[in-house]
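The structure under discussion appears below in the form of structure tokens.
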Protein chains: 2
Amino acid sequence: MTTLKELAALLNISVSTVSKALNDSHEISENTRIRVKELATKLNYKPNRIAQQLKTNKSKTIGVILPTVTNPFFAEVLHGIEMAATDSDYDIIVCLSNETLHKEKRSLELLSNGSVDGFIMAVARESQVKKETDHINAIIKSKLPVLMFDRVVSDIECNKVIVDDFQCVYEATEYLILKEKRKNILLVSNIEELSVGKLRIEGYSKALEDHNLKPVILKLDNAKDEDVENKIYNYLKSNTSIDAILSIDHVTGIVAINMAKKLGKVIPKDLSVVGFGYEHTQLLSSPKISIIHQKAHKIGEMSTMLLIDNIKDESLRSKTIVVPSELKLSGSTQTKF
Amino acid sequence: MTTLKELAALLNISVSTVSKALNDSHEISENTRIRVKELATKLNYKPNRIAQQLKTNKSKTIGVILPTVTNPFFAEVLHGIEMAATDSDYDIIVCLSNETLHKEKRSLELLSNGSVDGFIMAVARESQVKKETDHINAIIKSKLPVLMFDRVVSDIECNKVIVDDFQCVYEATEYLILKEKRKNILLVSNIEELSVGKLRIEGYSKALEDHNLKPVILKLDNAKDEDVENKIYNYLKSNTSIDAILSIDHVTGIVAINMAKKLGKVIPKDLSVVGFGYEHTQLLSSPKISIIHQKAHKIGEMSTMLLIDNIKDESLRSKTIVVPSELKLSGSTQTKF
DNA sequence: TTGTAAGCGTTATCAG
DNA sequence: CTGATAACGCTTACAA
């Protein structure tokens, strides 16, 4: 890699002159500025980022800590983060906690040594279940800005970008009750221990309560793929009165449709199904599932912008932004034949 | 952030003594070593990574450039990369090219200034279509190791981790012909411009040819979601002799199942469907789709290990590893009821 | 056993 | 207009 020193030596001028010339300092003569720049492009000179970082004590890098990236929601958030970060000339270092506390902790600790100027994170499942958040507090106390999205810890003060979990599930439930005239709505949950899961269940319960109906919840306890199908199938088989399903995650809604069809149910006549979904979810089910579409990409963008604001101005550190979800009915994007 | 200088000042010893003590140098007395370490932990000292990087001229960071991360294949590869990198104490900086040449180029250029010790990349769709690869060659010439996976450029010499695209599709096709006794196998493609798409089509064509059958290919030309369904539906409607579908991407196989059911076809009696898939793909279709399962996670791991080898030893730079795929038949993981 | 000093590649201050 | 010098935080000969 070409350095300032090398350029200086080749041109028989000092390092500082070269530096100034490249940075368009007005102290430098037109002549040398051009000579320097020509040689620089010729040798493909690029200022060493590490040296600049050491000098300025800024890494222009954001640490992104995600529970997983194979979940399409987080993948789409990551996409949003990457785009917004690029727009603002930030790099992102990505770490995956794999839903474990120890990896989350390790990543935060390893990166809080000057590697990053701040963190964007969604709390790991284990951390949330165990209510273990000291490691996050430690980072904040060390003056490194942290932004939490989606899975947040309510008693930590920092910027947050969240989904309107309670509200959108409330509305979806009410839609099933009022528009689709459903009375036995089963909530299927594979994420009941997460903060978002709890909020969604509350939204569902409140809506049923407000309409004098009885909540029925099938908790899958974070089951494995194989068991998910079995549990849903068996439940539907033994509880034939169920006329609607509300899945609060991204997968079990589609599984429910498939299992219901297997049981001979006609969708949506016998059973309405609403789930959570992302951009391409509806392409994967037939008939199309109705989805609560979280604006994952937008969540990523907003998170990044908010964190960068916070990095630049320490005082901007306790804002919470709610990104509203959108209920996409099966009909509204259904392909016409 | 605490620095060596601060520790030294507080202990009234020199910076180098502190440094050595922390690095367990044998030159340092038991006594001071302990004193230093105690204070260090007390003040939560962490060596400034940026300074270390400048000193050693190593970033211990890998640049990962992916076309997208919302495609589950790349998400899973990223997961593999992250885990392997963490194991070897490397960070990863992730950039998404969004399938565009200019973003890919920009990312490579921006990171090749000391930010990373090497790159792992899958070439963007646009770069592959336009056969524009000078930017990648430039990096390699500048002595930064590059590893390409999945979508590779054949006339660039570097480490590569690829899938057995030709072979696995050949075998899947042969399976349809020999075991399932299919004669009119439609290949559905939404990625025919990619190197991997071409190889898969060749594998399919060769298998048909070897068995004296005629290839029939439905190219979707990188169509949007809405059109994918329509095109497949219409094709199946007007070509009723089709008795098997081979999808060479991760989505259109499931769409094909749904469209075939819509047309009243019974699967797998009337129509066998094989697609590409990842870990959870089969959970999303009913009946379960047979999939060619690419070991995406393993691809990520192998890529990382190979790149790190190359970083440590410059001479290890022209190996190609083929990660075999696995044909997962619908029956083999089918849930039993 | 401890300390001094140089250097990684930049930028910034100050002097010439 | 140009250059010498110091500094960012760390490591490491080399001296003491």
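Chain labels follow the order of the structure tokens: the first chain is A, the next B, and so on; residue numbering restarts at 1 in every chain, and ligands are counted from 1 in their shown order.
What chain A places within 6 Å of chain B, counting only C-alpha atoms, is Lys46, Asn48, Arg49, Ile50, Leu54, Val69, Thr70, Ala75, Glu76, Ile92, Ile93, Asn113, Gly114, Asn258 and Ser286 of chain A.
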For the residues in that selection, give me C-alpha atoms as a CSV table (one decimal), in the first residue's frame.
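As a result, selection_35.csv now contains:
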chain,number,residue,atom,x,y,z
A,46,LYS,CA,-5.5,5.5,-0.6
A,48,ASN,CA,-4.8,4.3,5.4
A,49,ARG,CA,-8.1,4.1,7.2
A,50,ILE,CA,-6.7,2.7,10.4
A,54,LEU,CA,-6.3,6.4,15.4
A,69,VAL,CA,-29.6,-13.6,10.2
A,70,THR,CA,-31.4,-16.6,8.7
A,75,ALA,CA,-32.0,-10.2,7.3
A,76,GLU,CA,-34.2,-7.4,6.0
A,92,ILE,CA,-20.9,-2.1,9.7
A,93,ILE,CA,-19.3,-4.9,11.7
A,113,ASN,CA,-12.4,-1.1,22.3
A,114,GLY,CA,-12.4,1.5,19.7
A,258,ASN,CA,-50.7,-26.3,5.1
A,286,SER,CA,-51.5,-20.7,-1.3
**Request:** Would you mind listing what lies within 10 Å of segment 273-276 of chain B as a PyMOL selection string, with only C-alpha atoms (C1' of nucleotides) counted and same-chain residues fewer than 4 positions away left out?
**Result:** chain B and resi 73+169+172-173+176+185-188+243-254+256-257+260+267-268+281+287-294+325+327-330
**Residues of segment 28-268 of chain B in strand (DSSP E or B), written as a ChimeraX atom specification** = /B:61-66,91-96,118-121,146-149,159-163,185-189,216-219,244-247
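Reported to one decimal place, the separation of atom CA of Leu236 of chain B from atom CA of Lys183 of chain B is 15.2 Å.
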**Prompt:** Could you pull out all residues of segment 225-314 of chain B with a DSSP call of helix (DSSP H, G or I) and give them as an MDAnalysis selection string?
**Reply:** chainID B and resid 225:238 252:262 281:284 296:312
**Asked** Please, which residues of chain B lie no more than 7 Å from chain C when the count uses only C-alpha atoms (C1' of nucleotides), and can they be set out as a VMD selection string?
**Response** chain B and resid 14 17 27 to 29 54 to 55
Those same residues, written as an mmCIF file, in the first residue's frame with N, CA and C atoms?
data_model
loop_
_atom_site.group_PDB
_atom_site.id
_atom_site.type_symbol
_atom_site.label_atom_id
_atom_site.label_comp_id
_atom_site.auth_asym_id
_atom_site.auth_seq_id
_atom_site.Cartn_x
_atom_site.Cartn_y
_atom_site.Cartn_z
ATOM 1 N N SER B 14 6.617 3.036 33.634
ATOM 2 C CA SER B 14 6.605 3.453 32.233
ATOM 3 C C SER B 14 5.555 2.687 31.423
ATOM 4 N N THR B 17 6.560 -0.846 30.386
ATOM 5 C CA THR B 17 6.453 -1.833 31.466
ATOM 6 C C THR B 17 5.007 -2.322 31.580
ATOM 7 N N GLU B 27 10.003 -10.709 31.188
ATOM 8 C CA GLU B 27 10.954 -9.696 31.668
ATOM 9 C C GLU B 27 10.433 -8.978 32.921
ATOM 10 N N ILE B 28 9.138 -9.139 33.163
ATOM 11 C CA ILE B 28 8.515 -8.333 34.215
ATOM 12 C C ILE B 28 8.355 -9.127 35.511
ATOM 13 N N SER B 29 8.593 -8.444 36.638
ATOM 14 C CA SER B 29 8.498 -9.118 37.935
ATOM 15 C C SER B 29 7.054 -9.472 38.260
ATOM 16 N N LEU B 54 -2.793 -0.559 13.633
ATOM 17 C CA LEU B 54 -1.836 0.308 12.945
ATOM 18 C C LEU B 54 -0.427 -0.238 13.134
ATOM 19 N N LYS B 55 -0.175 -0.631 14.361
ATOM 20 C CA LYS B 55 1.145 -1.152 14.703
ATOM 21 C C LYS B 55 1.484 -2.414 13.916
#
Do me a favour and pick out the residues of chain D within 12 Å of chain A, using only C-alpha atoms (C1' of nucleotides), as a CSV table (one decimal) with N, CA and C atoms (P, O5', C5', C4', C3', O3' and C1' of nucleotides), in the first residue's frame.
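This is the output file selection-v7.csv:
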chain,number,residue,atom,x,y,z
D,1,DC,P,0.1,30.5,-3.2
D,1,DC,O5',1.2,29.7,-2.4
D,1,DC,C5',2.1,28.8,-3.0
D,1,DC,C4',3.1,28.4,-2.0
D,1,DC,C3',3.1,26.9,-1.7
D,1,DC,O3',4.2,26.4,-2.4
D,1,DC,C1',3.7,28.3,0.2
D,2,DT,P,4.4,24.9,-2.5
D,2,DT,O5',5.2,24.5,-1.1
D,2,DT,C5',6.6,24.9,-1.1
D,2,DT,C4',7.1,24.5,0.3
D,2,DT,C3',7.0,23.1,0.7
D,2,DT,O3',8.4,22.6,0.7
D,2,DT,C1',6.5,24.5,2.5
D,3,DG,P,8.6,21.0,1.1
D,3,DG,O5',8.9,21.2,2.7
D,3,DG,C5',9.9,22.1,3.1
D,3,DG,C4',10.1,22.1,4.6
D,3,DG,C3',10.2,20.6,5.1
D,3,DG,O3',11.2,20.6,6.1
D,3,DG,C1',8.4,21.8,6.2
D,4,DA,P,11.8,19.3,6.5
D,4,DA,O5',12.1,19.4,8.1
D,4,DA,C5',12.3,20.7,8.6
D,4,DA,C4',11.7,20.8,10.0
D,4,DA,C3',11.8,19.5,10.9
D,4,DA,O3',12.3,19.9,12.2
D,4,DA,C1',9.6,20.1,10.8
D,5,DT,P,12.5,18.8,13.3
D,5,DT,O5',11.1,18.7,14.0
D,5,DT,C5',10.5,19.9,14.5
D,5,DT,C4',9.3,19.6,15.4
D,5,DT,C3',9.4,18.2,16.1
D,5,DT,O3',8.9,18.4,17.4
D,5,DT,C1',7.4,18.3,14.8
D,7,DA,P,3.5,16.1,22.0
D,7,DA,O5',2.2,15.2,21.6
D,7,DA,C5',1.0,15.9,21.2
D,7,DA,C4',0.2,14.9,20.4
D,7,DA,C3',0.1,13.5,21.0
D,7,DA,O3',-1.3,13.3,21.5
D,7,DA,C1',0.5,13.4,18.6
D,8,DC,P,-1.5,12.2,22.5
D,8,DC,O5',-2.8,11.4,22.0
D,8,DC,C5',-3.7,11.8,21.0
D,8,DC,C4',-4.1,10.7,20.1
D,8,DC,C3',-3.9,9.3,20.8
D,8,DC,O3',-5.1,8.8,21.4
D,8,DC,C1',-3.2,9.4,18.4
D,9,DG,P,-5.0,8.3,22.9
D,9,DG,O5',-4.4,6.8,22.7
D,9,DG,C5',-5.3,5.8,22.1
D,9,DG,C4',-4.5,4.6,21.9
D,9,DG,C3',-3.8,4.0,23.2
D,9,DG,O3',-4.2,2.6,23.3
D,9,DG,C1',-2.2,4.2,21.5
D,10,DC,P,-3.6,1.7,24.4
D,10,DC,O5',-2.5,0.9,23.5
D,10,DC,C5',-2.9,0.1,22.5
D,10,DC,C4',-1.7,-0.3,21.6
D,10,DC,C3',-0.7,-1.2,22.3
D,10,DC,O3',-0.9,-2.5,21.9
D,10,DC,C1',0.4,0.5,21.0
**Request:** For segment 149-165 of chain B, list every protein, DNA or RNA residue within 7 Å, evaluated using only C-alpha atoms (C1' of nucleotides), and leave out those in the same chain fewer than 5 positions away; present the list as a PyMOL selection string.
**Result:** chain B and resi 121-123+195-196+199-200+299+303+317-325
Requested write-out: N, CA, C and O atoms of the selected residues, as a PDB file, in the first residue's frame:
ATOM      1  N   MET B 121     -16.304 -12.933  -1.172  1.00  0.00           N
ATOM      2  CA  MET B 121     -17.369 -12.332  -1.968  1.00  0.00           C
ATOM      3  C   MET B 121     -18.064 -13.320  -2.898  1.00  0.00           C
ATOM      4  O   MET B 121     -17.502 -14.327  -3.304  1.00  0.00           O
ATOM      5  N   ALA B 122     -19.313 -12.994  -3.182  1.00  0.00           N
ATOM      6  CA  ALA B 122     -20.032 -13.651  -4.270  1.00  0.00           C
ATOM      7  C   ALA B 122     -20.360 -12.537  -5.248  1.00  0.00           C
ATOM      8  O   ALA B 122     -20.874 -11.487  -4.852  1.00  0.00           O
ATOM      9  N   VAL B 123     -20.026 -12.753  -6.491  1.00  0.00           N
ATOM     10  CA  VAL B 123     -20.109 -11.683  -7.482  1.00  0.00           C
ATOM     11  C   VAL B 123     -21.553 -11.235  -7.720  1.00  0.00           C
ATOM     12  O   VAL B 123     -22.465 -12.055  -7.762  1.00  0.00           O
ATOM     13  N   SER B 195     -23.646 -17.455 -13.271  1.00  0.00           N
ATOM     14  CA  SER B 195     -22.778 -18.588 -13.571  1.00  0.00           C
ATOM     15  C   SER B 195     -23.386 -19.870 -13.013  1.00  0.00           C
ATOM     16  O   SER B 195     -23.390 -20.905 -13.677  1.00  0.00           O
ATOM     17  N   VAL B 196     -23.922 -19.789 -11.806  1.00  0.00           N
ATOM     18  CA  VAL B 196     -24.505 -20.993 -11.210  1.00  0.00           C
ATOM     19  C   VAL B 196     -25.733 -21.442 -11.988  1.00  0.00           C
ATOM     20  O   VAL B 196     -25.961 -22.634 -12.180  1.00  0.00           O
ATOM     21  N   LEU B 199     -24.628 -23.335 -15.078  1.00  0.00           N
ATOM     22  CA  LEU B 199     -24.146 -24.679 -14.761  1.00  0.00           C
ATOM     23  C   LEU B 199     -25.297 -25.624 -14.464  1.00  0.00           C
ATOM     24  O   LEU B 199     -25.291 -26.791 -14.857  1.00  0.00           O
ATOM     25  N   ARG B 200     -26.282 -25.095 -13.739  1.00  0.00           N
ATOM     26  CA  ARG B 200     -27.410 -25.955 -13.381  1.00  0.00           C
ATOM     27  C   ARG B 200     -28.194 -26.338 -14.627  1.00  0.00           C
ATOM     28  O   ARG B 200     -28.620 -27.482 -14.777  1.00  0.00           O
ATOM     29  N   ILE B 299     -20.439 -23.772   3.316  1.00  0.00           N
ATOM     30  CA  ILE B 299     -19.765 -22.940   2.324  1.00  0.00           C
ATOM     31  C   ILE B 299     -19.159 -21.717   3.009  1.00  0.00           C
ATOM     32  O   ILE B 299     -18.018 -21.334   2.749  1.00  0.00           O
ATOM     33  N   SER B 303     -15.157 -21.143   3.311  1.00  0.00           N
ATOM     34  CA  SER B 303     -14.644 -19.923   2.692  1.00  0.00           C
ATOM     35  C   SER B 303     -13.783 -19.147   3.674  1.00  0.00           C
ATOM     36  O   SER B 303     -12.692 -18.681   3.340  1.00  0.00           O
ATOM     37  N   ARG B 317      -3.141 -19.679  -2.624  1.00  0.00           N
ATOM     38  CA  ARG B 317      -4.103 -18.768  -3.227  1.00  0.00           C
ATOM     39  C   ARG B 317      -4.777 -19.247  -4.515  1.00  0.00           C
ATOM     40  O   ARG B 317      -5.379 -18.456  -5.222  1.00  0.00           O
ATOM     41  N   SER B 318      -4.722 -20.515  -4.787  1.00  0.00           N
ATOM     42  CA  SER B 318      -5.472 -20.920  -5.981  1.00  0.00           C
ATOM     43  C   SER B 318      -6.079 -22.296  -5.821  1.00  0.00           C
ATOM     44  O   SER B 318      -5.939 -23.166  -6.659  1.00  0.00           O
ATOM     45  N   LYS B 319      -6.764 -22.436  -4.722  1.00  0.00           N
ATOM     46  CA  LYS B 319      -7.418 -23.705  -4.435  1.00  0.00           C
ATOM     47  C   LYS B 319      -8.909 -23.540  -4.732  1.00  0.00           C
ATOM     48  O   LYS B 319      -9.472 -22.462  -4.522  1.00  0.00           O
ATOM     49  N   THR B 320      -9.510 -24.586  -5.226  1.00  0.00           N
ATOM     50  CA  THR B 320     -10.963 -24.548  -5.405  1.00  0.00           C
ATOM     51  C   THR B 320     -11.583 -25.713  -4.649  1.00  0.00           C
ATOM     52  O   THR B 320     -11.203 -26.868  -4.861  1.00  0.00           O
ATOM     53  N   ILE B 321     -12.470 -25.393  -3.752  1.00  0.00           N
ATOM     54  CA  ILE B 321     -13.128 -26.453  -2.979  1.00  0.00           C
ATOM     55  C   ILE B 321     -14.560 -26.592  -3.466  1.00  0.00           C
ATOM     56  O   ILE B 321     -15.264 -25.590  -3.633  1.00  0.00           O
ATOM     57  N   VAL B 322     -14.970 -27.803  -3.712  1.00  0.00           N
ATOM     58  CA  VAL B 322     -16.348 -28.052  -4.117  1.00  0.00           C
ATOM     59  C   VAL B 322     -17.102 -28.611  -2.916  1.00  0.00           C
ATOM     60  O   VAL B 322     -16.697 -29.608  -2.339  1.00  0.00           O
ATOM     61  N   VAL B 323     -18.156 -27.931  -2.526  1.00  0.00           N
ATOM     62  CA  VAL B 323     -18.968 -28.432  -1.419  1.00  0.00           C
ATOM     63  C   VAL B 323     -20.170 -29.155  -2.006  1.00  0.00           C
ATOM     64  O   VAL B 323     -21.025 -28.531  -2.634  1.00  0.00           O
ATOM     65  N   PRO B 324     -20.227 -30.461  -1.826  1.00  0.00           N
ATOM     66  CA  PRO B 324     -21.313 -31.217  -2.447  1.00  0.00           C
ATOM     67  C   PRO B 324     -22.668 -30.896  -1.831  1.00  0.00           C
ATOM     68  O   PRO B 324     -22.776 -30.685  -0.636  1.00  0.00           O
ATOM     69  N   SER B 325     -23.675 -30.861  -2.666  1.00  0.00           N
ATOM     70  CA  SER B 325     -25.028 -30.652  -2.175  1.00  0.00           C
ATOM     71  C   SER B 325     -25.649 -31.993  -1.836  1.00  0.00           C
ATOM     72  O   SER B 325     -25.092 -33.050  -2.125  1.00  0.00           O
TER      73      SER B 325
END
**Request:** In Å, rounded to a single decimal, give me how far atom CA of Val18 of chain A is from atom CA of Ile136 of chain B.
**Result:** 28.4 Å
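Our summary of the geometry notes that atom CA of Gln167 of chain B is positioned 22.9 Å from atom CA of Leu306 of chain B.
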